[in-house]
Every structure is written in structure tokens, then in C-alpha cells.
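Please read the structure below before turning to the comments.
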Amino acid sequence: MEKEAIVLKNHLKELIAGSPQKRISYNDYMDAVLYTPNIGYYARAKEKIGPRGDFYTSGNVGDAFGRSLARWFVYLIKRCGVSPRIIEVGAGDGKLAYDILVYIKETEPQIWDSLTYILVDGSPFHRKIQHERLGIFKQAVSAASLEKWTNVNGIVFSNELFDALPVYVIEKYKGALVEVFVTEKEGDLVEEREPLDNPDILSYLSERKITLNEKQRYEVPLNMIREYEKIVSCIESGILLTIDYGYTDREWKEPAHLQGSLMGYYRHEMIKNALMYSGDMDLTTHIHFDTLIEIGKRKGLSNRGLFLQNEFLLKAGILEELKDDQGTDPFSKTAKRNRAIRGLIVPGGFSEHFKVLLQSKNLADDVRVFPEW
């Protein structure tokens, strides 16, 4: 266990001991283990993504994902009248931004000269890595939050942002709705059920007309709603793209999802017990796409479609990145990129777990948001 995790475990014990009922919500638990300054999983100076981390993202499997996004962004700017401003919310280590910027620099000098790319991430460690990786590009700007950016005209997108936000956990237990809390017993973190009385959770369930079956668990994404509303409020016109894993309301009701989706990733192994490896493990949940769609409509956004990630990448032009490779070196740049593309688009591949929500604001309904390749 890393020293930060030891400090964090003591911090959790203090939070629990200091609470009136000697327990904390899963929302507060996740917030503490993921985001406590200096010692939380995302806040500390530690590699999280890639072979030396705990998980992979689409953007870290070669550069094909970033180049495909960049190709589509160029189309939106040149053909759809979208301004050359790109904001990536939850930009992490800047790898995806680097691939996007390199593509635009190589292929579109006119857009490059007028481009602004803003990387938003609350982690000082991530912003440091971004600066080291992207400092050569005057187009790249790092920011801790979206507060400075208002009335944005352009492209705003996130890749695996909302799945990392804290959630409340509820359950139907012995015929009644309960909230699942985290407490300490004999030195270990354990769960505790109490009757559900949180008015914000009850309001969410009522508004969304959500009912649970006996023993069904469900994550209530109040933080996701607040973060999404912040993002939407900064957009004056353009495109909002949300890439993440999650379900529609219909999918949440399927038997396979009745135990909820909260889990951890530790050294590339999926851990079902979210109370293990506190601070050393990424915690994640599947997001609620229908909630984002409905809130977007209330905020003046048009829904342009919810796609499987491989379907979206094909529409965005990923096949244009495939190159003939007659060489015999399986580790050549072309060979590796071609393999990455296949992995992103084949059924059962990396993209199978992800969806892409595309929304627009103040963009004419007849504007074709995808080209015909």
C-alpha cells in the first residue's frame, strides 16, 4: 500500500468518526478516495492509465482514436460552421489532446493557425503532465475548471469523465428503499443500510419515474447531473460530445444490471468490492444516458444520436486512417495503427463497452453532422 493510501485510510476513518451517525454515503466515500487533494486516487502524482496504471482508455490505445476525432472535428469546423475552439473536459494526461493536435497541425494549417484547444482537469498532477506533453503547442491551454469559459462557440467533449464521478447507492431491501452507507467495523470498511430519506435522491427517482425490484441496487448520479449542467451552461453554440460507458433506462432494467455497476479497477483487474484498495484503486460506474439526453433537451440542446462507439468511429471516418502495409515488421507505426483501428471497430472489441452521445446547440437541424466518406 502506498503511503498516500495509508494517509487516505486514516482520513476516511476520521470522516466516519466525525459524522453524526458514524457513517458516510457512498458519494462522500468516492469523493474522498478519488479527489481528496494530494492523497485521492486522481489527485496524487501517480500513473493511472496504460500498462503501468490500472486501466486503459480508447485514447491510449495508439493514436487512431484521437486522429479519428480530429478528422471529424475538422469536418465540423470546415463544413458545419463550428468555431475552431475545442474544449476537452477531464483531459487527464493530455495524450488524446496530443493526438488530436498533431493531426490538425499536419493536415489543416489554416485551422491550426486559428485553433484554441482547452484542456480542463482538476488534478494538478495531470495539468503538469499536460504541460510537459503539450507545451510546444501555443494552441493548447490548461485549466482547472470551466469557470473561465463562458458563451463558448465550438466543440466541447469528454472521454470517460462522468463514469469517474461520485454516486449515491440505493437498494430495495425487504420491500423498502434504503440507502447504502459506508462505515467502519473492527478496523474494516463495511456497508450499512438505512431507510432512504435523502430528498435529492427521492426527487431524482420521482422525476425519472424509477422503480426498483427487490434486492436491486442502483447508483444515483447527482454529481453527473451537476457537472453536465455546468458544461451545458457554458455552450453558446456548437457540438457537445460525451464518450463513456453507460446504459439507457431500458438497459438499466435488464437482469444483468440489477446489482448496479459500481466497481474498481486495480492493476487492470476488475474489483467488484468498491471498499477494497481505498485510494489505490480507480472507482467507476456506468452512466445514465437518458438522463443526459432529457436534461440536454431542457437546456436547449438537440439530440443528434446515441451511438455505439464503433458505429460513431466509422461515421467519423476512422477507416480513412487505415493504410496499406506491405512490410513484414508487425511493430511498424502503420501496422500498429491498423491493429488499433481493427480493435476499435470489430464486434467484441474495445469499443463494445462504450457509447457516444452527440448533442448540438444553435446548429441548424438540417446541418449534416457526419460526412459521407
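Residue numbering restarts at 1 in every chain; chains get A, B, ... in the order shown in the C-alpha cells, and ligands count up from 1 in that same order.
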
List as a list in words the protein and nucleic acid residues near Leu165 in chain A, meaning an atom at most 10 Å away when only C-alpha atoms are counted, but skip any in the same chain fewer than 6 places from it. Asn27, Met30, Asp31, Leu34, Tyr35, Pro221, Leu222, Asn223, Met224, Glu227, Leu283, Thr284, Thr285 and Ile287 of chain A

Selection file, N, CA, C and O atoms, as a PDB file, in the first residue's frame:
ATOM      1  N   ASN A  27     -21.403   8.395  -1.959  1.00  0.00           N
ATOM      2  CA  ASN A  27     -20.998   9.602  -2.666  1.00  0.00           C
ATOM      3  C   ASN A  27     -19.803  10.262  -1.959  1.00  0.00           C
ATOM      4  O   ASN A  27     -18.806  10.632  -2.602  1.00  0.00           O
ATOM      5  N   MET A  30     -16.635   7.960  -2.247  1.00  0.00           N
ATOM      6  CA  MET A  30     -15.975   8.057  -3.544  1.00  0.00           C
ATOM      7  C   MET A  30     -15.272   9.397  -3.711  1.00  0.00           C
ATOM      8  O   MET A  30     -14.163   9.470  -4.241  1.00  0.00           O
ATOM      9  N   ASP A  31     -15.922  10.453  -3.271  1.00  0.00           N
ATOM     10  CA  ASP A  31     -15.312  11.780  -3.367  1.00  0.00           C
ATOM     11  C   ASP A  31     -13.997  11.816  -2.590  1.00  0.00           C
ATOM     12  O   ASP A  31     -13.004  12.378  -3.062  1.00  0.00           O
ATOM     13  N   LEU A  34     -11.227   9.374  -4.290  1.00  0.00           N
ATOM     14  CA  LEU A  34     -10.810   9.757  -5.635  1.00  0.00           C
ATOM     15  C   LEU A  34     -10.238  11.169  -5.704  1.00  0.00           C
ATOM     16  O   LEU A  34      -9.287  11.416  -6.469  1.00  0.00           O
ATOM     17  N   TYR A  35     -10.773  12.106  -4.908  1.00  0.00           N
ATOM     18  CA  TYR A  35     -10.487  13.517  -5.162  1.00  0.00           C
ATOM     19  C   TYR A  35      -9.918  14.309  -3.974  1.00  0.00           C
ATOM     20  O   TYR A  35      -9.666  15.505  -4.120  1.00  0.00           O
ATOM     21  N   PRO A 221     -26.888   9.418  -9.848  1.00  0.00           N
ATOM     22  CA  PRO A 221     -25.759  10.229 -10.310  1.00  0.00           C
ATOM     23  C   PRO A 221     -25.972  11.737 -10.157  1.00  0.00           C
ATOM     24  O   PRO A 221     -25.941  12.495 -11.144  1.00  0.00           O
ATOM     25  N   LEU A 222     -26.176  12.200  -8.947  1.00  0.00           N
ATOM     26  CA  LEU A 222     -26.430  13.631  -8.751  1.00  0.00           C
ATOM     27  C   LEU A 222     -25.233  14.479  -9.163  1.00  0.00           C
ATOM     28  O   LEU A 222     -25.395  15.584  -9.679  1.00  0.00           O
ATOM     29  N   ASN A 223     -24.009  13.983  -8.936  1.00  0.00           N
ATOM     30  CA  ASN A 223     -22.814  14.718  -9.359  1.00  0.00           C
ATOM     31  C   ASN A 223     -22.724  14.807 -10.877  1.00  0.00           C
ATOM     32  O   ASN A 223     -22.296  15.828 -11.423  1.00  0.00           O
ATOM     33  N   MET A 224     -23.104  13.732 -11.556  1.00  0.00           N
ATOM     34  CA  MET A 224     -23.110  13.752 -13.011  1.00  0.00           C
ATOM     35  C   MET A 224     -24.027  14.850 -13.534  1.00  0.00           C
ATOM     36  O   MET A 224     -23.675  15.587 -14.459  1.00  0.00           O
ATOM     37  N   GLU A 227     -22.383  18.307 -12.944  1.00  0.00           N
ATOM     38  CA  GLU A 227     -21.247  18.538 -13.841  1.00  0.00           C
ATOM     39  C   GLU A 227     -21.719  18.760 -15.267  1.00  0.00           C
ATOM     40  O   GLU A 227     -21.228  19.649 -15.976  1.00  0.00           O
ATOM     41  N   LEU A 283     -12.274   3.955  -9.069  1.00  0.00           N
ATOM     42  CA  LEU A 283     -13.676   3.579  -8.884  1.00  0.00           C
ATOM     43  C   LEU A 283     -14.487   4.145 -10.037  1.00  0.00           C
ATOM     44  O   LEU A 283     -14.251   5.276 -10.491  1.00  0.00           O
ATOM     45  N   THR A 284     -15.459   3.390 -10.483  1.00  0.00           N
ATOM     46  CA  THR A 284     -16.189   3.802 -11.671  1.00  0.00           C
ATOM     47  C   THR A 284     -17.602   3.243 -11.659  1.00  0.00           C
ATOM     48  O   THR A 284     -17.872   2.224 -11.025  1.00  0.00           O
ATOM     49  N   THR A 285     -18.503   3.934 -12.349  1.00  0.00           N
ATOM     50  CA  THR A 285     -19.863   3.442 -12.546  1.00  0.00           C
ATOM     51  C   THR A 285     -20.282   3.699 -13.993  1.00  0.00           C
ATOM     52  O   THR A 285     -19.717   4.559 -14.669  1.00  0.00           O
ATOM     53  N   ILE A 287     -22.797   5.244 -16.673  1.00  0.00           N
ATOM     54  CA  ILE A 287     -23.565   6.487 -16.585  1.00  0.00           C
ATOM     55  C   ILE A 287     -24.968   6.307 -17.153  1.00  0.00           C
ATOM     56  O   ILE A 287     -25.289   5.296 -17.793  1.00  0.00           O
TER      57      ILE A 287
END

Please, which residues in range 162-183 of chain A fall within 12 Å of range 88-100 of chain A when counting only C-alpha atoms, and what is the closest atom pair and distance in Å to one decimal for each, ordered by chain then residue number, as CSV?
residue,atom,partner,partner_atom,distance
A:Phe162,CA,A:Gly90,CA,8.9
A:Asp163,CA,A:Gly90,CA,11.0
A:Ala164,CA,A:Gly90,CA,9.7
A:Leu165,CA,A:Gly90,CA,10.9

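When the distance limit is 6 Å and only C-alpha atoms are what count, the residues near Ala274 in chain A, minus those fewer than 2 positions from it on the same chain, are Met263, Gly264 and Met276 of chain A.
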
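Using only C-alpha atoms, the shortest contact distance between Phe307 in chain A and any of A:Val178, A:Leu8, A:Val356, A:Ile271 is found at A:Val356.
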
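Near Asn38 in chain A, within a cut-off of 12 Å and counting only C-alpha atoms, sit the residues Lys3, Glu4, Ala5, Val7, Leu8, Ala32, Val33, Leu34, Tyr42, Ala43, Arg44, Ala45, Lys46, Gly122, Ser123, Pro124, Phe125 and Gly279 of chain A, with same-chain residues fewer than 4 positions away left out.
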
Any chance you could export the current selection's all heavy atoms as a short mmCIF file (atom, residue, chain, number, x, y, z; two decimals), in the first residue's frame?
data_model
loop_
_atom_site.label_atom_id
_atom_site.label_comp_id
_atom_site.auth_asym_id
_atom_site.auth_seq_id
_atom_site.Cartn_x
_atom_site.Cartn_y
_atom_site.Cartn_z
N LYS A 3 2.06 5.17 0.59
CA LYS A 3 1.90 5.98 1.79
C LYS A 3 0.68 6.89 1.70
O LYS A 3 0.00 7.16 2.71
CB LYS A 3 3.15 6.81 2.05
CG LYS A 3 3.49 7.82 0.96
CD LYS A 3 4.74 8.61 1.30
CE LYS A 3 5.04 9.65 0.23
NZ LYS A 3 6.26 10.43 0.55
N GLU A 4 0.36 7.38 0.48
CA GLU A 4 -0.83 8.23 0.33
C GLU A 4 -2.10 7.46 0.68
O GLU A 4 -3.03 8.01 1.24
CB GLU A 4 -0.92 8.78 -1.10
CG GLU A 4 0.16 9.76 -1.48
CD GLU A 4 1.34 9.09 -2.13
OE1 GLU A 4 1.48 7.85 -1.98
OE2 GLU A 4 2.14 9.79 -2.78
N ALA A 5 -2.12 6.16 0.32
CA ALA A 5 -3.30 5.35 0.62
C ALA A 5 -3.46 5.14 2.13
O ALA A 5 -4.58 5.08 2.64
CB ALA A 5 -3.21 4.01 -0.10
N VAL A 7 -2.47 7.31 4.43
CA VAL A 7 -2.99 8.59 4.92
C VAL A 7 -4.48 8.71 4.59
O VAL A 7 -5.28 9.18 5.42
CB VAL A 7 -2.19 9.77 4.31
CG1 VAL A 7 -2.80 11.11 4.75
CG2 VAL A 7 -0.73 9.69 4.73
N LEU A 8 -4.84 8.27 3.41
CA LEU A 8 -6.25 8.36 2.99
C LEU A 8 -7.13 7.46 3.85
O LEU A 8 -8.25 7.85 4.22
CB LEU A 8 -6.38 7.97 1.52
CG LEU A 8 -7.80 8.01 0.95
CD1 LEU A 8 -8.38 9.41 1.05
CD2 LEU A 8 -7.83 7.53 -0.49
N ALA A 32 -13.99 11.19 -1.42
CA ALA A 32 -12.77 11.19 -0.59
C ALA A 32 -11.67 10.36 -1.23
O ALA A 32 -10.51 10.82 -1.34
CB ALA A 32 -13.09 10.67 0.81
N VAL A 33 -11.97 9.14 -1.65
CA VAL A 33 -10.91 8.26 -2.15
C VAL A 33 -10.40 8.67 -3.53
O VAL A 33 -9.25 8.39 -3.88
CB VAL A 33 -11.35 6.78 -2.17
CG1 VAL A 33 -11.70 6.30 -0.77
CG2 VAL A 33 -12.48 6.54 -3.13
N LEU A 34 -11.23 9.37 -4.29
CA LEU A 34 -10.81 9.76 -5.63
C LEU A 34 -10.24 11.17 -5.70
O LEU A 34 -9.29 11.42 -6.47
CB LEU A 34 -11.99 9.65 -6.61
CG LEU A 34 -12.56 8.25 -6.85
CD1 LEU A 34 -13.74 8.32 -7.81
CD2 LEU A 34 -11.49 7.30 -7.39
N TYR A 42 -7.20 10.27 -8.00
CA TYR A 42 -6.97 11.13 -9.15
C TYR A 42 -6.12 12.35 -8.82
O TYR A 42 -5.59 13.01 -9.72
CB TYR A 42 -8.31 11.60 -9.75
CG TYR A 42 -9.05 10.52 -10.49
CD1 TYR A 42 -10.31 10.11 -10.09
CD2 TYR A 42 -8.48 9.89 -11.59
CE1 TYR A 42 -10.99 9.10 -10.76
CE2 TYR A 42 -9.14 8.89 -12.26
CZ TYR A 42 -10.40 8.50 -11.85
OH TYR A 42 -11.06 7.49 -12.52
N ALA A 43 -5.99 12.67 -7.54
CA ALA A 43 -5.27 13.89 -7.15
C ALA A 43 -3.78 13.67 -6.93
O ALA A 43 -3.01 14.62 -6.95
CB ALA A 43 -5.89 14.46 -5.87
N ARG A 44 -3.37 12.43 -6.75
CA ARG A 44 -1.96 12.19 -6.43
C ARG A 44 -1.12 12.04 -7.70
O ARG A 44 -1.64 11.81 -8.79
CB ARG A 44 -1.83 10.95 -5.55
CG ARG A 44 -2.02 9.66 -6.30
CD ARG A 44 -1.73 8.45 -5.43
NE ARG A 44 -2.71 8.30 -4.37
CZ ARG A 44 -2.86 7.16 -3.69
NH1 ARG A 44 -2.08 6.13 -3.93
NH2 ARG A 44 -3.79 7.07 -2.76
N ALA A 45 0.17 12.16 -7.53
CA ALA A 45 1.12 12.03 -8.64
C ALA A 45 1.38 10.55 -8.90
O ALA A 45 2.32 9.96 -8.37
CB ALA A 45 2.42 12.77 -8.32
N LYS A 46 0.53 9.96 -9.70
CA LYS A 46 0.61 8.53 -9.97
C LYS A 46 0.06 8.25 -11.36
O LYS A 46 -0.94 8.83 -11.77
CB LYS A 46 -0.22 7.77 -8.94
CG LYS A 46 -0.38 6.28 -9.22
CD LYS A 46 -1.36 5.64 -8.25
CE LYS A 46 -1.60 4.18 -8.64
NZ LYS A 46 -2.54 3.49 -7.75
N GLY A 122 -9.08 18.95 -13.08
CA GLY A 122 -8.90 19.47 -11.73
C GLY A 122 -7.63 18.98 -11.05
O GLY A 122 -7.26 19.51 -9.99
N SER A 123 -6.93 18.01 -11.62
CA SER A 123 -5.75 17.44 -10.99
C SER A 123 -4.49 18.24 -11.33
O SER A 123 -4.12 18.33 -12.50
CB SER A 123 -5.56 15.98 -11.44
OG SER A 123 -4.28 15.51 -11.10
N PRO A 124 -3.81 18.79 -10.33
CA PRO A 124 -2.53 19.49 -10.60
C PRO A 124 -1.51 18.57 -11.26
O PRO A 124 -0.73 19.01 -12.11
CB PRO A 124 -2.08 19.94 -9.21
CG PRO A 124 -3.32 20.01 -8.39
CD PRO A 124 -4.19 18.90 -8.91
N PHE A 125 -1.50 17.29 -10.87
CA PHE A 125 -0.57 16.34 -11.47
C PHE A 125 -0.86 16.18 -12.96
O PHE A 125 0.07 16.20 -13.78
CB PHE A 125 -0.68 14.99 -10.76
CG PHE A 125 0.12 13.90 -11.42
CD1 PHE A 125 1.50 13.93 -11.41
CD2 PHE A 125 -0.52 12.83 -12.04
CE1 PHE A 125 2.25 12.92 -12.02
CE2 PHE A 125 0.21 11.82 -12.64
CZ PHE A 125 1.59 11.86 -12.64
N GLY A 279 -8.14 4.30 -2.27
CA GLY A 279 -7.13 5.27 -2.66
C GLY A 279 -6.13 4.74 -3.66
O GLY A 279 -5.51 5.51 -4.39
#

Pick out each residue of range 159-368 of chain A that DSSP on the backbone tags as strand (DSSP E); I need them as JSON, numbers by chain. {"A": [159, 168, 169, 170, 171, 172, 173, 176, 177, 178, 179, 180, 181, 182, 183, 184, 185, 188, 189, 190, 191, 192, 193, 194, 195, 217, 218, 219, 220, 235, 236, 237, 238, 239, 240, 241, 242, 243, 244, 246, 247, 263, 264, 265, 266, 269, 270, 271, 282, 283, 284, 287, 288, 302, 303, 304, 305, 306, 307, 308, 355, 356, 357, 358, 359, 360, 361]}

Pick the closest to Lys22 in chain A from A:Asn213, A:Thr291, A:Thr183, A:Gln359: which is it, counting only C-alpha atoms?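 Answer, going by the shortest atom-to-atom distance: A:Thr183.
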
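The nearest approach to Ile225 in chain A among the residues A:Glu132, A:Asp121, A:Glu108, A:Asp200, with only C-alpha atoms taken into account, belongs to A:Asp200.
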
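Counting only C-alpha atoms, Ile87 in chain A has the following residues at most 6 Å away, ignoring those fewer than 5 positions along the same chain: Tyr117, Ile118 and Val156 of chain A.
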
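For Arg67 in chain A, the non-local neighbours within 8 Å, defined as residues at least 3 positions apart in the same chain or in other chains and counting only C-alpha atoms, are Asp63, Ala64, Ala70, Arg71, Asp99, Ile100, Tyr103, Ile318 and Glu321 of chain A.
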
I'd like to know which residues of range 113-296 of chain A are alpha helix (DSSP H) (by DSSP, run on the backbone); could you write them as JSON, numbers by chain? {"A": [113, 114, 124, 125, 126, 127, 128, 129, 130, 131, 132, 133, 134, 199, 200, 201, 202, 203, 204, 205, 206, 207, 222, 223, 224, 225, 226, 227, 228, 229, 230, 231, 232, 233, 249, 250, 251, 252, 289, 290, 291, 292, 293, 294, 295, 296]}
